[in-house]
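Notes for the one structure printed next.
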Amino acid sequence: VIVALAGGVGAAKFLRGLVRAMPPQDLTVVVNTGDDIELLGLHISPDVDSIVYTLAGVADPVRGWGLHNETWKALELFGRYGEPTWFQLGDGDLATHIHRTRRLADGATLSQVTTEIAQSWGVQSTVIPMTDDPVRTRVIVEEAGSGRGLDLHFQEYFVKRQAQDPVREVRFEGIEDAKPAPALLPSIADADAVIVCPSNPVVSIGPILALPGVRSALRNFNGKVVGISPIIRGAPVKGPADRLMPAVGMEVSCVGVADAYRDFLHTLVIDFADTERAPEIAALEVDPVPAPTLMRGVPQATVLARTVLGLLAQ
Ligand code: FO1
């Protein structure tokens, strides 16, 4: 079994290839829940949904999140009632959030509901939210103009304010009291190998690693751990990593990614365009492997997945 640590959109793109390169039932995906948010009385787990919808083949291929062929009738009416509409919830997607919220209110755990939702979509891989406890990524920014510190939920920073504010700090609220999901540490212990998906190292992989016991489980893991850099030529393929990594002291480069994971990572797949940075990665005692990492579609994701599986088998 292979365990993949994942955020949302970037990870989903890669996993779409991975399940074509290996038996999907042998894959366990551990997904970030630091981006989860309560809106309109609903529990929304964006990264979990991006992974489940993508593995089910029903994700919107352009946005990377939400369902394809989505309609937005409910959102329009929420606006009429003065409800928040900055976070776009499609009509079909709303069913997922309403169902999840009701099951949680009935006493089910997020792990249980996630399993149910994934199975109902015919997903053959195991999808585990990183924790059943509330962890919320907070981004402390400097408000433009006033210079005041503002403590924002990640989605307020990223979606509502379009990642415009200079970032001072990133915090994972609730992380100290959160337990890894019941299946998380046993999955790592039983895994043949671990993959760190090309996700934001600060707000996607960071919360998973910050859960008590996860980082030490990876350090003590006997199999191989291979990552894929989400940064190419000093810039993220998508998302706000270029603004978040400096705020926590990481260099925005594949070397910064290698440094962030160096205590448990054996190999980092970097883009061909970054080959010249390979010696710096090797100096961190991480094996750099240049490959084409930009995934425009499923064929490229599958080729990249085969490269990663080849490295895991070495
Ligand atoms: N991202 C946006 O940029 N704008 C949105 O309105 C938005 C809505 C949304 C609704 C459901 C969902 O599952 C994801 C959604 N996302 C949206 C994506 C999400 O904010 C991020 O991609 C992840 O949280 C980062 O991994």
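Every chain in the structure tokens takes a letter, A first, then B, and so on in the order presented; its residues are numbered from 1, and the ligands are numbered from 1 following the presented order.
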Each chain A residue no farther than 6 Å from ligand 1, nearest pair in Å, only C-alpha atoms and all ligand atoms, as CSV:
```
residue,atom,partner,partner_atom_place_in_ligand_line,distance
A:Gly7,CA,ligand 1,26 (O),5.5
A:Gly8,CA,ligand 1,26 (O),4.0
A:Val9,CA,ligand 1,26 (O),5.8
A:Asp35,CA,ligand 1,24 (O),5.1
A:Pro46,CA,ligand 1,13 (O),3.3
A:Asp47,CA,ligand 1,26 (O),5.3
A:Asp49,CA,ligand 1,13 (O),5.3
A:Ser50,CA,ligand 1,13 (O),5.8
A:Trp65,CA,ligand 1,14 (C),5.0
A:Gly66,CA,ligand 1,13 (O),5.3
A:Trp86,CA,ligand 1,6 (O),6.0
A:Phe87,CA,ligand 1,6 (O),3.8
A:Gln88,CA,ligand 1,6 (O),3.7
A:Leu89,CA,ligand 1,10 (C),5.0
A:Gln155,CA,ligand 1,20 (O),5.8
A:Val159,CA,ligand 1,3 (O),4.9
```
DSSP strand (DSSP E) residues within stretch 113-146 of chain A, listed as a PyMOL selection string: chain A and resi 126-129+136-142
Top pick for closest residue to A:Asp287, considering A:Thr267, A:Gln164, A:Thr275, A:Ser204 and counting only C-alpha atoms: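 Using only C-alpha atoms, the shortest distance to A:Asp287 belongs to A:Thr267.
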Polymer residues at most 10 Å from A:Glu285, only C-alpha atoms, same-chain spacing of 2 or more positions, as a list in words: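 The residues that qualify are Ala258, Asp259, Arg262, Asp263, Leu265, His266, Thr267, Pro279, Glu280, Ile281, Ala282, Ala283, Asp287 and Pro288 of chain A.
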8 Å contact set for stretch 300-309 of chain A, only C-alpha atoms, chain neighbours under 6 positions out, as a list of chain:residue names: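 What passes the distance filter is A:Lys13, A:Phe14, A:Leu15, A:Arg16, A:Gly17, A:Leu18, A:Arg20, A:Ala21, A:Val226, A:Val269, A:Ala291, A:Pro292, A:Thr293, A:Leu294.
Shortest atom-to-atom contact with A:Val255 among A:Ala278, A:Val1, A:Ala273, A:Val62: A:Ala278, counting only C-alpha atoms.
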Surrounding residues of A:Tyr53 excluding itself and chain neighbours under 4 positions, 10 Å, only C-alpha atoms, as a PyMOL selection string: chain A and resi 12+47-49+57-60+64-68+93+117-118+121+123
Go ahead and dump the residues you just picked, all heavy atoms, as a short mmCIF file (atom, residue, chain, number, x, y, z; two decimals), in the first residue's frame.
```
data_model
loop_
_atom_site.label_atom_id
_atom_site.label_comp_id
_atom_site.auth_asym_id
_atom_site.auth_seq_id
_atom_site.Cartn_x
_atom_site.Cartn_y
_atom_site.Cartn_z
N ALA A 12 -4.62 16.66 -6.28
CA ALA A 12 -5.66 15.96 -7.04
C ALA A 12 -5.20 15.69 -8.47
O ALA A 12 -5.40 14.60 -9.01
CB ALA A 12 -6.96 16.76 -7.03
N ASP A 47 -10.50 20.48 0.56
CA ASP A 47 -9.45 19.60 0.03
C ASP A 47 -9.94 18.15 -0.07
O ASP A 47 -9.67 17.47 -1.06
CB ASP A 47 -8.18 19.69 0.89
CG ASP A 47 -7.41 20.98 0.62
OD1 ASP A 47 -7.85 21.76 -0.26
OD2 ASP A 47 -6.38 21.21 1.27
N VAL A 48 -10.67 17.70 0.94
CA VAL A 48 -11.23 16.35 0.89
C VAL A 48 -12.13 16.21 -0.33
O VAL A 48 -12.04 15.24 -1.10
CB VAL A 48 -12.02 16.03 2.19
CG1 VAL A 48 -12.82 14.74 2.04
CG2 VAL A 48 -11.08 15.95 3.39
N ASP A 49 -12.97 17.22 -0.56
CA ASP A 49 -13.90 17.14 -1.69
C ASP A 49 -13.16 17.20 -3.03
O ASP A 49 -13.52 16.49 -3.97
CB ASP A 49 -14.94 18.27 -1.61
CG ASP A 49 -15.90 18.04 -0.44
OD1 ASP A 49 -15.95 16.91 0.08
OD2 ASP A 49 -16.60 18.99 -0.06
N GLY A 57 -13.69 11.24 -10.82
CA GLY A 57 -13.82 11.70 -12.21
C GLY A 57 -14.96 12.69 -12.40
O GLY A 57 -15.44 12.88 -13.51
N VAL A 58 -15.39 13.35 -11.32
CA VAL A 58 -16.51 14.30 -11.44
C VAL A 58 -16.12 15.73 -11.08
O VAL A 58 -16.98 16.60 -10.95
CB VAL A 58 -17.73 13.85 -10.59
CG1 VAL A 58 -18.28 12.52 -11.11
CG2 VAL A 58 -17.37 13.74 -9.10
N ALA A 59 -14.80 15.97 -10.90
CA ALA A 59 -14.35 17.33 -10.56
C ALA A 59 -14.40 18.23 -11.79
O ALA A 59 -14.26 17.76 -12.92
CB ALA A 59 -12.93 17.28 -10.02
N ASP A 60 -14.55 19.51 -11.55
CA ASP A 60 -14.49 20.45 -12.66
C ASP A 60 -13.04 20.53 -13.14
O ASP A 60 -12.15 20.87 -12.36
CB ASP A 60 -14.97 21.83 -12.22
CG ASP A 60 -15.00 22.79 -13.40
OD1 ASP A 60 -13.95 23.42 -13.67
OD2 ASP A 60 -16.04 22.88 -14.05
N GLY A 64 -10.65 22.86 -10.92
CA GLY A 64 -9.94 21.91 -10.07
C GLY A 64 -10.67 21.64 -8.77
O GLY A 64 -10.34 20.73 -8.03
N TRP A 65 -11.65 22.44 -8.44
CA TRP A 65 -12.47 22.20 -7.24
C TRP A 65 -13.94 22.22 -7.65
O TRP A 65 -14.30 22.73 -8.73
CB TRP A 65 -12.20 23.25 -6.15
CG TRP A 65 -12.27 24.68 -6.61
CD1 TRP A 65 -11.24 25.44 -7.06
CD2 TRP A 65 -13.44 25.51 -6.69
NE1 TRP A 65 -11.68 26.69 -7.40
CE2 TRP A 65 -13.03 26.77 -7.17
CE3 TRP A 65 -14.78 25.32 -6.37
CZ2 TRP A 65 -13.91 27.83 -7.37
CZ3 TRP A 65 -15.68 26.38 -6.55
CH2 TRP A 65 -15.24 27.62 -7.06
N GLY A 66 -14.77 21.64 -6.81
CA GLY A 66 -16.20 21.58 -7.13
C GLY A 66 -16.51 20.56 -8.21
O GLY A 66 -15.61 19.88 -8.73
N LEU A 67 -17.79 20.44 -8.55
CA LEU A 67 -18.25 19.44 -9.51
C LEU A 67 -18.33 19.99 -10.93
O LEU A 67 -18.56 21.19 -11.12
CB LEU A 67 -19.66 18.96 -9.11
CG LEU A 67 -19.74 18.14 -7.82
CD1 LEU A 67 -21.17 18.11 -7.30
CD2 LEU A 67 -19.21 16.73 -8.03
N HIS A 68 -18.12 19.12 -11.89
CA HIS A 68 -18.28 19.57 -13.29
C HIS A 68 -19.78 19.71 -13.61
O HIS A 68 -20.63 19.16 -12.93
CB HIS A 68 -17.56 18.63 -14.27
CG HIS A 68 -18.14 17.25 -14.39
ND1 HIS A 68 -17.98 16.47 -15.50
CD2 HIS A 68 -18.88 16.51 -13.53
CE1 HIS A 68 -18.59 15.32 -15.31
NE2 HIS A 68 -19.14 15.32 -14.13
N ASP A 93 -22.63 20.56 -5.24
CA ASP A 93 -21.66 20.55 -4.15
C ASP A 93 -22.38 20.74 -2.80
O ASP A 93 -22.01 20.11 -1.80
CB ASP A 93 -20.67 21.69 -4.41
CG ASP A 93 -19.39 21.59 -3.59
OD1 ASP A 93 -19.00 20.46 -3.24
OD2 ASP A 93 -18.79 22.65 -3.31
N ILE A 117 -18.81 9.09 1.71
CA ILE A 117 -18.96 9.94 0.52
C ILE A 117 -18.09 9.38 -0.62
O ILE A 117 -18.54 9.25 -1.75
CB ILE A 117 -18.62 11.42 0.83
CG1 ILE A 117 -19.68 12.00 1.78
CG2 ILE A 117 -18.53 12.25 -0.46
CD1 ILE A 117 -19.38 13.42 2.27
N ALA A 118 -16.83 9.03 -0.29
CA ALA A 118 -15.92 8.49 -1.32
C ALA A 118 -16.50 7.20 -1.91
O ALA A 118 -16.50 7.02 -3.14
CB ALA A 118 -14.54 8.25 -0.72
N TRP A 121 -19.31 7.60 -4.36
CA TRP A 121 -18.87 8.06 -5.68
C TRP A 121 -18.07 6.98 -6.42
O TRP A 121 -17.53 7.23 -7.50
CB TRP A 121 -18.02 9.33 -5.56
CG TRP A 121 -18.81 10.59 -5.36
CD1 TRP A 121 -18.94 11.30 -4.19
CD2 TRP A 121 -19.59 11.30 -6.34
NE1 TRP A 121 -19.75 12.41 -4.39
CE2 TRP A 121 -20.15 12.43 -5.70
CE3 TRP A 121 -19.86 11.09 -7.70
CZ2 TRP A 121 -20.98 13.34 -6.36
CZ3 TRP A 121 -20.68 12.00 -8.36
CH2 TRP A 121 -21.23 13.10 -7.69
N VAL A 123 -15.18 5.70 -5.47
CA VAL A 123 -13.72 5.86 -5.34
C VAL A 123 -13.13 4.59 -4.73
O VAL A 123 -13.58 4.14 -3.68
CB VAL A 123 -13.39 7.10 -4.48
CG1 VAL A 123 -11.90 7.17 -4.17
CG2 VAL A 123 -13.85 8.37 -5.18
#
```
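Taking atom CA of A:Ile208 and atom CA of A:His153 as endpoints, the distance between them is 17.2 Å.
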Contact residues around A:Glu38 with only C-alpha atoms at 10 Å, ignoring same-chain residues under 4 positions, as a list in words: Leu42, His43, Ile44, Ser45, His97 and Thr101 of chain A
Output of the above residues as a PDB file, in the first residue's frame, restricted to N, CA, C and O atoms:
```
ATOM      1  N   LEU A  42     -22.901  25.080   7.364  1.00  0.00           N
ATOM      2  CA  LEU A  42     -22.451  23.820   6.761  1.00  0.00           C
ATOM      3  C   LEU A  42     -20.961  23.581   7.004  1.00  0.00           C
ATOM      4  O   LEU A  42     -20.169  24.523   7.030  1.00  0.00           O
ATOM      5  N   HIS A  43     -20.599  22.313   7.173  1.00  0.00           N
ATOM      6  CA  HIS A  43     -19.182  21.951   7.312  1.00  0.00           C
ATOM      7  C   HIS A  43     -18.636  21.650   5.921  1.00  0.00           C
ATOM      8  O   HIS A  43     -19.025  20.670   5.292  1.00  0.00           O
ATOM      9  N   ILE A  44     -17.724  22.506   5.469  1.00  0.00           N
ATOM     10  CA  ILE A  44     -17.143  22.354   4.133  1.00  0.00           C
ATOM     11  C   ILE A  44     -15.704  21.883   4.282  1.00  0.00           C
ATOM     12  O   ILE A  44     -14.931  22.462   5.053  1.00  0.00           O
ATOM     13  N   SER A  45     -15.349  20.813   3.582  1.00  0.00           N
ATOM     14  CA  SER A  45     -13.978  20.267   3.586  1.00  0.00           C
ATOM     15  C   SER A  45     -13.440  20.336   2.159  1.00  0.00           C
ATOM     16  O   SER A  45     -13.454  19.344   1.424  1.00  0.00           O
ATOM     17  N   HIS A  97     -22.108  19.050   1.212  1.00  0.00           N
ATOM     18  CA  HIS A  97     -21.918  19.767   2.479  1.00  0.00           C
ATOM     19  C   HIS A  97     -23.092  19.545   3.439  1.00  0.00           C
ATOM     20  O   HIS A  97     -22.898  19.401   4.641  1.00  0.00           O
ATOM     21  N   THR A 101     -22.646  17.643   6.967  1.00  0.00           N
ATOM     22  CA  THR A 101     -23.000  18.376   8.187  1.00  0.00           C
ATOM     23  C   THR A 101     -24.021  17.587   9.006  1.00  0.00           C
ATOM     24  O   THR A 101     -23.913  17.489  10.230  1.00  0.00           O
TER      25      THR A 101
END
```
